[in-house]
file work_35.pdb (PDB, N, CA and C atoms)
ATOM      1  N   MET A 917      56.472 -26.996 -70.120
ATOM      2  CA  MET A 917      56.196 -25.823 -69.324
ATOM      3  C   MET A 917      54.996 -25.060 -69.874
ATOM      4  N   SER A 918      54.927 -24.850 -71.173
ATOM      5  CA  SER A 918      53.844 -24.059 -71.731
ATOM      6  C   SER A 918      52.498 -24.738 -71.559
ATOM      7  N   ASP A 919      52.432 -26.058 -71.763
ATOM      8  CA  ASP A 919      51.152 -26.722 -71.595
ATOM      9  C   ASP A 919      50.779 -26.856 -70.120
ATOM     10  N   ALA A 920      51.741 -26.757 -69.218
ATOM     11  CA  ALA A 920      51.449 -26.813 -67.789
ATOM     12  C   ALA A 920      50.698 -25.568 -67.331
ATOM     13  N   ASN A 921      50.983 -24.423 -67.939
ATOM     14  CA  ASN A 921      50.279 -23.202 -67.549
ATOM     15  C   ASN A 921      49.102 -22.895 -68.476
ATOM     16  N   GLY A 922      48.829 -23.791 -69.426
ATOM     17  CA  GLY A 922      47.677 -23.625 -70.306
ATOM     18  C   GLY A 922      47.919 -22.730 -71.501
ATOM     19  N   LYS A 923      49.122 -22.208 -71.632
ATOM     20  CA  LYS A 923      49.439 -21.324 -72.750
ATOM     21  C   LYS A 923      50.045 -22.135 -73.875
ATOM     22  N   VAL A 924      49.266 -22.381 -74.900
ATOM     23  CA  VAL A 924      49.741 -23.034 -76.115
ATOM     24  C   VAL A 924      49.100 -22.331 -77.301
ATOM     25  N   CYS A 925      49.691 -22.484 -78.466
ATOM     26  CA  CYS A 925      49.199 -21.787 -79.659
ATOM     27  C   CYS A 925      47.743 -22.123 -79.970
ATOM     28  N   CYS A 926      47.308 -23.350 -79.693
ATOM     29  CA  CYS A 926      45.953 -23.733 -80.093
ATOM     30  C   CYS A 926      44.872 -22.965 -79.347
ATOM     31  N   ASN A 927      45.171 -22.381 -78.180
ATOM     32  CA  ASN A 927      44.156 -21.589 -77.491
ATOM     33  C   ASN A 927      44.532 -20.105 -77.410
ATOM     34  N   CYS A 928      45.389 -19.669 -78.311
ATOM     35  CA  CYS A 928      45.786 -18.261 -78.393
ATOM     36  C   CYS A 928      44.877 -17.535 -79.382
ATOM     37  N   LYS A 929      44.497 -16.318 -79.051
ATOM     38  CA  LYS A 929      43.614 -15.581 -79.949
ATOM     39  C   LYS A 929      44.320 -15.150 -81.238
ATOM     40  N   HIS A 930      45.630 -15.239 -81.281
ATOM     41  CA  HIS A 930      46.383 -14.865 -82.476
ATOM     42  C   HIS A 930      46.536 -16.034 -83.458
ATOM     43  N   ASN A 931      46.092 -17.226 -83.059
ATOM     44  CA  ASN A 931      46.157 -18.401 -83.934
ATOM     45  C   ASN A 931      44.962 -18.338 -84.889
ATOM     46  N   ILE A 932      45.237 -18.047 -86.147
ATOM     47  CA  ILE A 932      44.191 -17.920 -87.157
ATOM     48  C   ILE A 932      44.154 -19.198 -87.983
ATOM     49  N   ARG A 933      42.972 -19.803 -88.036
ATOM     50  CA  ARG A 933      42.800 -21.037 -88.798
ATOM     51  C   ARG A 933      42.130 -20.721 -90.128
ATOM     52  N   THR A 934      42.727 -21.212 -91.205
ATOM     53  CA  THR A 934      42.153 -21.014 -92.535
ATOM     54  C   THR A 934      41.916 -22.377 -93.173
ATOM     55  N   ASP A 935      40.782 -22.504 -93.843
ATOM     56  CA  ASP A 935      40.407 -23.751 -94.492
ATOM     57  C   ASP A 935      40.837 -23.697 -95.949
ATOM     58  N   SER A 936      41.695 -24.632 -96.331
ATOM     59  CA  SER A 936      42.159 -24.660 -97.717
ATOM     60  C   SER A 936      41.460 -25.757 -98.507
ATOM     61  N   GLY A 937      40.344 -26.233 -98.028
ATOM     62  CA  GLY A 937      39.603 -27.279 -98.712
ATOM     63  C   GLY A 937      39.868 -28.653 -98.133
ATOM     64  N   ALA A 938      41.068 -29.136 -98.277
ATOM     65  CA  ALA A 938      41.406 -30.481 -97.820
ATOM     66  C   ALA A 938      41.810 -30.511 -96.342
ATOM     67  N   TYR A 939      42.338 -29.415 -95.830
ATOM     68  CA  TYR A 939      42.811 -29.383 -94.449
ATOM     69  C   TYR A 939      42.814 -27.941 -93.944
ATOM     70  N   ILE A 940      43.054 -27.792 -92.659
ATOM     71  CA  ILE A 940      43.084 -26.468 -92.035
ATOM     72  C   ILE A 940      44.531 -26.098 -91.750
ATOM     73  N   ARG A 941      44.913 -24.881 -92.132
ATOM     74  CA  ARG A 941      46.255 -24.361 -91.861
ATOM     75  C   ARG A 941      46.132 -23.295 -90.775
ATOM     76  N   CYS A 942      47.098 -23.260 -89.880
ATOM     77  CA  CYS A 942      47.132 -22.261 -88.817
ATOM     78  C   CYS A 942      48.301 -21.317 -89.058
ATOM     79  N   HIS A 943      48.064 -20.039 -88.790
ATOM     80  CA  HIS A 943      49.152 -19.061 -88.854
ATOM     81  C   HIS A 943      48.916 -17.991 -87.806
ATOM     82  N   CYS A 944      49.979 -17.317 -87.435
ATOM     83  CA  CYS A 944      49.927 -16.268 -86.421
ATOM     84  C   CYS A 944      49.502 -14.955 -87.073
ATOM     85  N   ASP A 945      48.511 -14.278 -86.504
ATOM     86  CA  ASP A 945      48.076 -13.008 -87.096
ATOM     87  C   ASP A 945      48.994 -11.845 -86.746
ATOM     88  N   ILE A 946      49.976 -12.055 -85.873
ATOM     89  CA  ILE A 946      50.920 -10.987 -85.536
ATOM     90  C   ILE A 946      52.026 -10.899 -86.584
ATOM     91  N   ASP A 947      52.699 -12.013 -86.842
ATOM     92  CA  ASP A 947      53.805 -11.981 -87.809
ATOM     93  C   ASP A 947      53.559 -12.861 -89.033
ATOM     94  N   GLY A 948      52.457 -13.590 -89.063
ATOM     95  CA  GLY A 948      52.082 -14.368 -90.227
ATOM     96  C   GLY A 948      52.773 -15.706 -90.386
ATOM     97  N   HIS A 949      53.603 -16.116 -89.423
ATOM     98  CA  HIS A 949      54.312 -17.389 -89.595
ATOM     99  C   HIS A 949      53.353 -18.574 -89.495
ATOM    100  N   TYR A 950      53.689 -19.643 -90.212
ATOM    101  CA  TYR A 950      52.916 -20.879 -90.213
ATOM    102  C   TYR A 950      53.081 -21.566 -88.866
ATOM    103  N   ILE A 951      51.992 -22.049 -88.302
ATOM    104  CA  ILE A 951      52.029 -22.799 -87.049
ATOM    105  C   ILE A 951      51.758 -24.257 -87.388
ATOM    106  N   GLY A 952      52.774 -25.079 -87.265
ATOM    107  CA  GLY A 952      52.645 -26.502 -87.567
ATOM    108  C   GLY A 952      51.833 -27.241 -86.517
ATOM    109  N   TYR A 953      51.498 -28.486 -86.823
ATOM    110  CA  TYR A 953      50.646 -29.288 -85.936
ATOM    111  C   TYR A 953      51.238 -29.428 -84.537
ATOM    112  N   VAL A 954      52.494 -29.826 -84.454
ATOM    113  CA  VAL A 954      53.131 -30.017 -83.151
ATOM    114  C   VAL A 954      53.282 -28.686 -82.432
ATOM    115  N   GLU A 955      53.723 -27.662 -83.145
ATOM    116  CA  GLU A 955      53.891 -26.343 -82.549
ATOM    117  C   GLU A 955      52.572 -25.829 -81.967
ATOM    118  N   CYS A 956      51.477 -26.124 -82.635
ATOM    119  CA  CYS A 956      50.163 -25.652 -82.192
ATOM    120  C   CYS A 956      49.830 -26.136 -80.779
ATOM    121  N   PHE A 957      50.261 -27.344 -80.438
ATOM    122  CA  PHE A 957      49.916 -27.939 -79.148
ATOM    123  C   PHE A 957      51.025 -27.886 -78.106
ATOM    124  N   GLU A 958      52.229 -27.439 -78.492
ATOM    125  CA  GLU A 958      53.339 -27.464 -77.547
ATOM    126  C   GLU A 958      54.036 -26.129 -77.329
ATOM    127  N   HIS A 959      53.789 -25.136 -78.159
ATOM    128  CA  HIS A 959      54.546 -23.890 -78.064
ATOM    129  C   HIS A 959      53.654 -22.685 -77.795
ATOM    130  N   TRP A 960      54.285 -21.614 -77.353
ATOM    131  CA  TRP A 960      53.628 -20.329 -77.170
ATOM    132  C   TRP A 960      54.700 -19.255 -77.207
ATOM    133  N   CYS A 961      54.297 -18.006 -77.328
ATOM    134  CA  CYS A 961      55.264 -16.914 -77.354
ATOM    135  C   CYS A 961      54.868 -15.860 -76.321
ATOM    136  N   ARG A 962      55.692 -14.859 -76.168
ATOM    137  CA  ARG A 962      55.436 -13.819 -75.152
ATOM    138  C   ARG A 962      54.217 -12.976 -75.490
ATOM    139  N   ARG A 963      53.719 -13.058 -76.728
ATOM    140  CA  ARG A 963      52.533 -12.293 -77.115
ATOM    141  C   ARG A 963      51.265 -13.134 -77.041
ATOM    142  N   TRP A 964      51.331 -14.301 -76.378
ATOM    143  CA  TRP A 964      50.183 -15.176 -76.227
ATOM    144  C   TRP A 964      49.063 -14.404 -75.541
ATOM    145  N   ALA A 965      47.857 -14.571 -76.011
ATOM    146  CA  ALA A 965      46.691 -13.912 -75.407
ATOM    147  C   ALA A 965      45.525 -14.890 -75.403
ATOM    148  N   LYS A 966      44.794 -14.915 -74.320
ATOM    149  CA  LYS A 966      43.673 -15.841 -74.174
ATOM    150  C   LYS A 966      42.591 -15.570 -75.207
ATOM    151  N   SER A 967      42.148 -16.640 -75.839
ATOM    152  CA  SER A 967      41.032 -16.538 -76.779
ATOM    153  C   SER A 967      39.737 -16.686 -76.002
ATOM    154  N   HIS A 968      38.798 -15.796 -76.219
ATOM    155  CA  HIS A 968      37.501 -15.843 -75.536
ATOM    156  C   HIS A 968      36.398 -16.288 -76.483
ATOM    157  N   LYS A 969      36.789 -16.854 -77.610
ATOM    158  CA  LYS A 969      35.844 -17.225 -78.656
ATOM    159  C   LYS A 969      34.753 -18.170 -78.157
ATOM    160  N   PHE A 970      35.106 -19.129 -77.324
ATOM    161  CA  PHE A 970      34.140 -20.133 -76.886
ATOM    162  C   PHE A 970      33.699 -19.959 -75.435
ATOM    163  N   ASP A 971      34.081 -18.877 -74.781
ATOM    164  CA  ASP A 971      33.727 -18.669 -73.377
ATOM    165  C   ASP A 971      32.221 -18.629 -73.161
ATOM    166  N   GLU A 972      31.502 -17.870 -73.964
ATOM    167  CA  GLU A 972      30.052 -17.745 -73.797
ATOM    168  C   GLU A 972      29.365 -19.084 -74.056
ATOM    169  N   GLU A 973      29.817 -19.816 -75.061
ATOM    170  CA  GLU A 973      29.243 -21.119 -75.371
ATOM    171  C   GLU A 973      29.459 -22.103 -74.225
ATOM    172  N   ALA A 974      30.649 -22.109 -73.645
ATOM    173  CA  ALA A 974      30.946 -23.000 -72.533
ATOM    174  C   ALA A 974      30.123 -22.621 -71.302
ATOM    175  N   GLN A 975      29.948 -21.341 -71.069
ATOM    176  CA  GLN A 975      29.147 -20.884 -69.931
ATOM    177  C   GLN A 975      27.700 -21.334 -70.082
ATOM    178  N   ASN A 976      27.157 -21.264 -71.285
ATOM    179  CA  ASN A 976      25.784 -21.684 -71.535
ATOM    180  C   ASN A 976      25.607 -23.184 -71.306
ATOM    181  N   GLU A 977      26.615 -23.993 -71.617
ATOM    182  CA  GLU A 977      26.547 -25.425 -71.400
ATOM    183  C   GLU A 977      26.530 -25.747 -69.905
ATOM    184  N   HIS A 978      27.261 -24.990 -69.090
ATOM    185  CA  HIS A 978      27.341 -25.245 -67.661
ATOM    186  C   HIS A 978      26.063 -24.840 -66.939
ATOM    187  N   THR A 979      25.355 -23.857 -67.448
ATOM    188  CA  THR A 979      24.130 -23.394 -66.793
ATOM    189  C   THR A 979      22.901 -24.145 -67.259
ATOM    190  N   ALA A 980      23.020 -24.884 -68.345
ATOM    191  CA  ALA A 980      21.841 -25.610 -68.873
ATOM    192  C   ALA A 980      21.644 -26.924 -68.170
TER
END
call {"tool": "encode", "arguments": {"input": "work_35.pdb", "output": "structure tokens"}}
result
Amino acid sequence: MSDANGKVCCNCKHNIRTDSGAYIRCHCDIDGHYIGYVECFEHWCRRWAKSHKFDEEAQNEHTA
């Protein structure tokens, strides 16, 4: 259901990615819980919010 409506942790603005050298860890900036690999692509919560981080970059690719 969550991936059908496009709401998953990997495209939520609250998903914070940190680089620990060998790999990237994801955690929620609201409550700080760890977001595992599967959870990142299959789950979402009621506080999900669209990330606009790459919107401008994607728009520039479409107009070029």
call {"tool": "atom_distance", "arguments": {"input": "work_35.pdb", "atom1": "atom CA of Val924 of chain A", "atom2": "atom CA of Cys944 of chain A"}}
result
12.3 Å
call {"tool": "residues_near_point", "arguments": {"input": "work_35.pdb", "point": "(46.1, -18.4, -79.1)", "cutoff": "7 Å", "atoms": "only N, CA and C atoms", "output": "MDAnalysis selection string"}}
result
chainID A and resid 924:931 964:967
call {"tool": "resolve_selection", "arguments": {"input": "work_35.pdb", "expression": "the PyMOL selection byres ((chain A and resi 957) around 8)", "output": "MDAnalysis selection string"}}
result
chainID A and resid 918:919 923:927 951:956 958:960
call {"tool": "select_by_dssp", "arguments": {"input": "work_35.pdb", "residues": "chain A", "states": "alpha helix (DSSP H)", "output": "list in words"}}
result
Tyr953, Val954, Glu955, Cys956, Phe957, Glu958, Asp971, Glu972, Glu973, Ala974, Gln975, Asn976, Glu977, His978 and Thr979 of chain A
call {"tool": "closest_residue", "arguments": {"input": "work_35.pdb", "among": "A:Asp945, A:Tyr950, A:Ile932, A:Tyr939", "to": "Arg963 of chain A", "atoms": "only C-alpha atoms"}}
result
A:Asp945
call {"tool": "select_by_dssp", "arguments": {"input": "work_35.pdb", "residues": "segment 919-959 of chain A", "states": "strand (DSSP E)", "output": "VMD selection string"}}
result
chain A and resid 931 to 935 940 to 944 950 to 951
call {"tool": "decode", "arguments": {"input": "work_35.pdb", "residues": "segment 919-957 of chain A", "atoms": "N, CA and C atoms", "output": "PDB file, in the first residue's frame"}}
result
ATOM      1  N   ASP A 919       4.009   1.764  -0.998  1.00  0.00           N
ATOM      2  CA  ASP A 919       4.730   2.014  -2.233  1.00  0.00           C
ATOM      3  C   ASP A 919       3.777   2.299  -3.392  1.00  0.00           C
ATOM      4  N   ALA A 920       2.517   1.911  -3.278  1.00  0.00           N
ATOM      5  CA  ALA A 920       1.537   2.205  -4.319  1.00  0.00           C
ATOM      6  C   ALA A 920       1.221   3.695  -4.373  1.00  0.00           C
ATOM      7  N   ASN A 921       1.245   4.369  -3.229  1.00  0.00           N
ATOM      8  CA  ASN A 921       0.966   5.804  -3.228  1.00  0.00           C
ATOM      9  C   ASN A 921       2.246   6.640  -3.240  1.00  0.00           C
ATOM     10  N   GLY A 922       3.401   5.977  -3.334  1.00  0.00           N
ATOM     11  CA  GLY A 922       4.670   6.692  -3.434  1.00  0.00           C
ATOM     12  C   GLY A 922       5.257   7.123  -2.109  1.00  0.00           C
ATOM     13  N   LYS A 923       4.586   6.809  -1.019  1.00  0.00           N
ATOM     14  CA  LYS A 923       5.075   7.197   0.301  1.00  0.00           C
ATOM     15  C   LYS A 923       5.885   6.062   0.889  1.00  0.00           C
ATOM     16  N   VAL A 924       7.187   6.209   0.880  1.00  0.00           N
ATOM     17  CA  VAL A 924       8.094   5.267   1.525  1.00  0.00           C
ATOM     18  C   VAL A 924       9.191   6.070   2.204  1.00  0.00           C
ATOM     19  N   CYS A 925       9.861   5.463   3.161  1.00  0.00           N
ATOM     20  CA  CYS A 925      10.887   6.172   3.931  1.00  0.00           C
ATOM     21  C   CYS A 925      11.996   6.732   3.045  1.00  0.00           C
ATOM     22  N   CYS A 926      12.340   6.044   1.957  1.00  0.00           N
ATOM     23  CA  CYS A 926      13.480   6.497   1.159  1.00  0.00           C
ATOM     24  C   CYS A 926      13.238   7.836   0.480  1.00  0.00           C
ATOM     25  N   ASN A 927      11.981   8.258   0.296  1.00  0.00           N
ATOM     26  CA  ASN A 927      11.743   9.571  -0.298  1.00  0.00           C
ATOM     27  C   ASN A 927      11.071  10.540   0.683  1.00  0.00           C
ATOM     28  N   CYS A 928      11.226  10.275   1.964  1.00  0.00           N
ATOM     29  CA  CYS A 928      10.695  11.151   3.012  1.00  0.00           C
ATOM     30  C   CYS A 928      11.769  12.155   3.425  1.00  0.00           C
ATOM     31  N   LYS A 929      11.369  13.388   3.656  1.00  0.00           N
ATOM     32  CA  LYS A 929      12.353  14.396   4.037  1.00  0.00           C
ATOM     33  C   LYS A 929      12.899  14.171   5.450  1.00  0.00           C
ATOM     34  N   HIS A 930      12.269  13.318   6.226  1.00  0.00           N
ATOM     35  CA  HIS A 930      12.731  13.031   7.581  1.00  0.00           C
ATOM     36  C   HIS A 930      13.762  11.895   7.618  1.00  0.00           C
ATOM     37  N   ASN A 931      14.003  11.255   6.474  1.00  0.00           N
ATOM     38  CA  ASN A 931      14.996  10.180   6.391  1.00  0.00           C
ATOM     39  C   ASN A 931      16.376  10.828   6.253  1.00  0.00           C
ATOM     40  N   ILE A 932      17.163  10.751   7.310  1.00  0.00           N
ATOM     41  CA  ILE A 932      18.492  11.356   7.330  1.00  0.00           C
ATOM     42  C   ILE A 932      19.527  10.265   7.101  1.00  0.00           C
ATOM     43  N   ARG A 933      20.359  10.478   6.086  1.00  0.00           N
ATOM     44  CA  ARG A 933      21.401   9.508   5.761  1.00  0.00           C
ATOM     45  C   ARG A 933      22.737  10.003   6.298  1.00  0.00           C
ATOM     46  N   THR A 934      23.424   9.133   7.025  1.00  0.00           N
ATOM     47  CA  THR A 934      24.742   9.479   7.557  1.00  0.00           C
ATOM     48  C   THR A 934      25.755   8.459   7.050  1.00  0.00           C
ATOM     49  N   ASP A 935      26.926   8.954   6.682  1.00  0.00           N
ATOM     50  CA  ASP A 935      27.989   8.107   6.161  1.00  0.00           C
ATOM     51  C   ASP A 935      28.919   7.727   7.300  1.00  0.00           C
ATOM     52  N   SER A 936      29.032   6.429   7.542  1.00  0.00           N
ATOM     53  CA  SER A 936      29.911   5.971   8.617  1.00  0.00           C
ATOM     54  C   SER A 936      31.217   5.421   8.062  1.00  0.00           C
ATOM     55  N   GLY A 937      31.550   5.758   6.847  1.00  0.00           N
ATOM     56  CA  GLY A 937      32.778   5.286   6.231  1.00  0.00           C
ATOM     57  C   GLY A 937      32.550   4.100   5.316  1.00  0.00           C
ATOM     58  N   ALA A 938      32.168   2.987   5.871  1.00  0.00           N
ATOM     59  CA  ALA A 938      31.992   1.768   5.086  1.00  0.00           C
ATOM     60  C   ALA A 938      30.598   1.675   4.455  1.00  0.00           C
ATOM     61  N   TYR A 939      29.607   2.294   5.068  1.00  0.00           N
ATOM     62  CA  TYR A 939      28.238   2.199   4.569  1.00  0.00           C
ATOM     63  C   TYR A 939      27.434   3.405   5.053  1.00  0.00           C
ATOM     64  N   ILE A 940      26.232   3.529   4.530  1.00  0.00           N
ATOM     65  CA  ILE A 940      25.351   4.639   4.897  1.00  0.00           C
ATOM     66  C   ILE A 940      24.257   4.108   5.812  1.00  0.00           C
ATOM     67  N   ARG A 941      24.029   4.807   6.923  1.00  0.00           N
ATOM     68  CA  ARG A 941      22.961   4.456   7.862  1.00  0.00           C
ATOM     69  C   ARG A 941      21.860   5.504   7.728  1.00  0.00           C
ATOM     70  N   CYS A 942      20.621   5.062   7.813  1.00  0.00           N
ATOM     71  CA  CYS A 942      19.473   5.961   7.753  1.00  0.00           C
ATOM     72  C   CYS A 942      18.792   5.992   9.112  1.00  0.00           C
ATOM     73  N   HIS A 943      18.349   7.181   9.500  1.00  0.00           N
ATOM     74  CA  HIS A 943      17.560   7.308  10.726  1.00  0.00           C
ATOM     75  C   HIS A 943      16.545   8.422  10.548  1.00  0.00           C
ATOM     76  N   CYS A 944      15.502   8.371  11.342  1.00  0.00           N
ATOM     77  CA  CYS A 944      14.425   9.355  11.284  1.00  0.00           C
ATOM     78  C   CYS A 944      14.812  10.577  12.111  1.00  0.00           C
ATOM     79  N   ASP A 945      14.690  11.771  11.540  1.00  0.00           N
ATOM     80  CA  ASP A 945      15.046  12.972  12.303  1.00  0.00           C
ATOM     81  C   ASP A 945      13.961  13.394  13.284  1.00  0.00           C
ATOM     82  N   ILE A 946      12.799  12.745  13.261  1.00  0.00           N
ATOM     83  CA  ILE A 946      11.738  13.075  14.215  1.00  0.00           C
ATOM     84  C   ILE A 946      11.974  12.369  15.547  1.00  0.00           C
ATOM     85  N   ASP A 947      12.134  11.051  15.508  1.00  0.00           N
ATOM     86  CA  ASP A 947      12.321  10.309  16.761  1.00  0.00           C
ATOM     87  C   ASP A 947      13.678   9.612  16.851  1.00  0.00           C
ATOM     88  N   GLY A 948      14.482   9.682  15.806  1.00  0.00           N
ATOM     89  CA  GLY A 948      15.829   9.150  15.836  1.00  0.00           C
ATOM     90  C   GLY A 948      15.963   7.655  15.630  1.00  0.00           C
ATOM     91  N   HIS A 949      14.864   6.948  15.354  1.00  0.00           N
ATOM     92  CA  HIS A 949      14.979   5.493  15.201  1.00  0.00           C
ATOM     93  C   HIS A 949      15.730   5.130  13.921  1.00  0.00           C
ATOM     94  N   TYR A 950      16.423   3.996  13.967  1.00  0.00           N
ATOM     95  CA  TYR A 950      17.172   3.470  12.832  1.00  0.00           C
ATOM     96  C   TYR A 950      16.190   2.980  11.779  1.00  0.00           C
ATOM     97  N   ILE A 951      16.442   3.306  10.527  1.00  0.00           N
ATOM     98  CA  ILE A 951      15.621   2.832   9.415  1.00  0.00           C
ATOM     99  C   ILE A 951      16.438   1.792   8.663  1.00  0.00           C
ATOM    100  N   GLY A 952      16.030   0.549   8.768  1.00  0.00           N
ATOM    101  CA  GLY A 952      16.732  -0.543   8.100  1.00  0.00           C
ATOM    102  C   GLY A 952      16.519  -0.530   6.596  1.00  0.00           C
ATOM    103  N   TYR A 953      17.284  -1.358   5.900  1.00  0.00           N
ATOM    104  CA  TYR A 953      17.239  -1.389   4.433  1.00  0.00           C
ATOM    105  C   TYR A 953      15.841  -1.689   3.903  1.00  0.00           C
ATOM    106  N   VAL A 954      15.222  -2.742   4.405  1.00  0.00           N
ATOM    107  CA  VAL A 954      13.891  -3.121   3.932  1.00  0.00           C
ATOM    108  C   VAL A 954      12.867  -2.068   4.321  1.00  0.00           C
ATOM    109  N   GLU A 955      12.927  -1.596   5.556  1.00  0.00           N
ATOM    110  CA  GLU A 955      11.996  -0.576   6.021  1.00  0.00           C
ATOM    111  C   GLU A 955      12.081   0.684   5.155  1.00  0.00           C
ATOM    112  N   CYS A 956      13.276   1.020   4.718  1.00  0.00           N
ATOM    113  CA  CYS A 956      13.481   2.227   3.914  1.00  0.00           C
ATOM    114  C   CYS A 956      12.653   2.203   2.627  1.00  0.00           C
ATOM    115  N   PHE A 957      12.484   1.024   2.041  1.00  0.00           N
ATOM    116  CA  PHE A 957      11.792   0.904   0.759  1.00  0.00           C
ATOM    117  C   PHE A 957      10.355   0.409   0.856  1.00  0.00           C
TER     118      PHE A 957
END
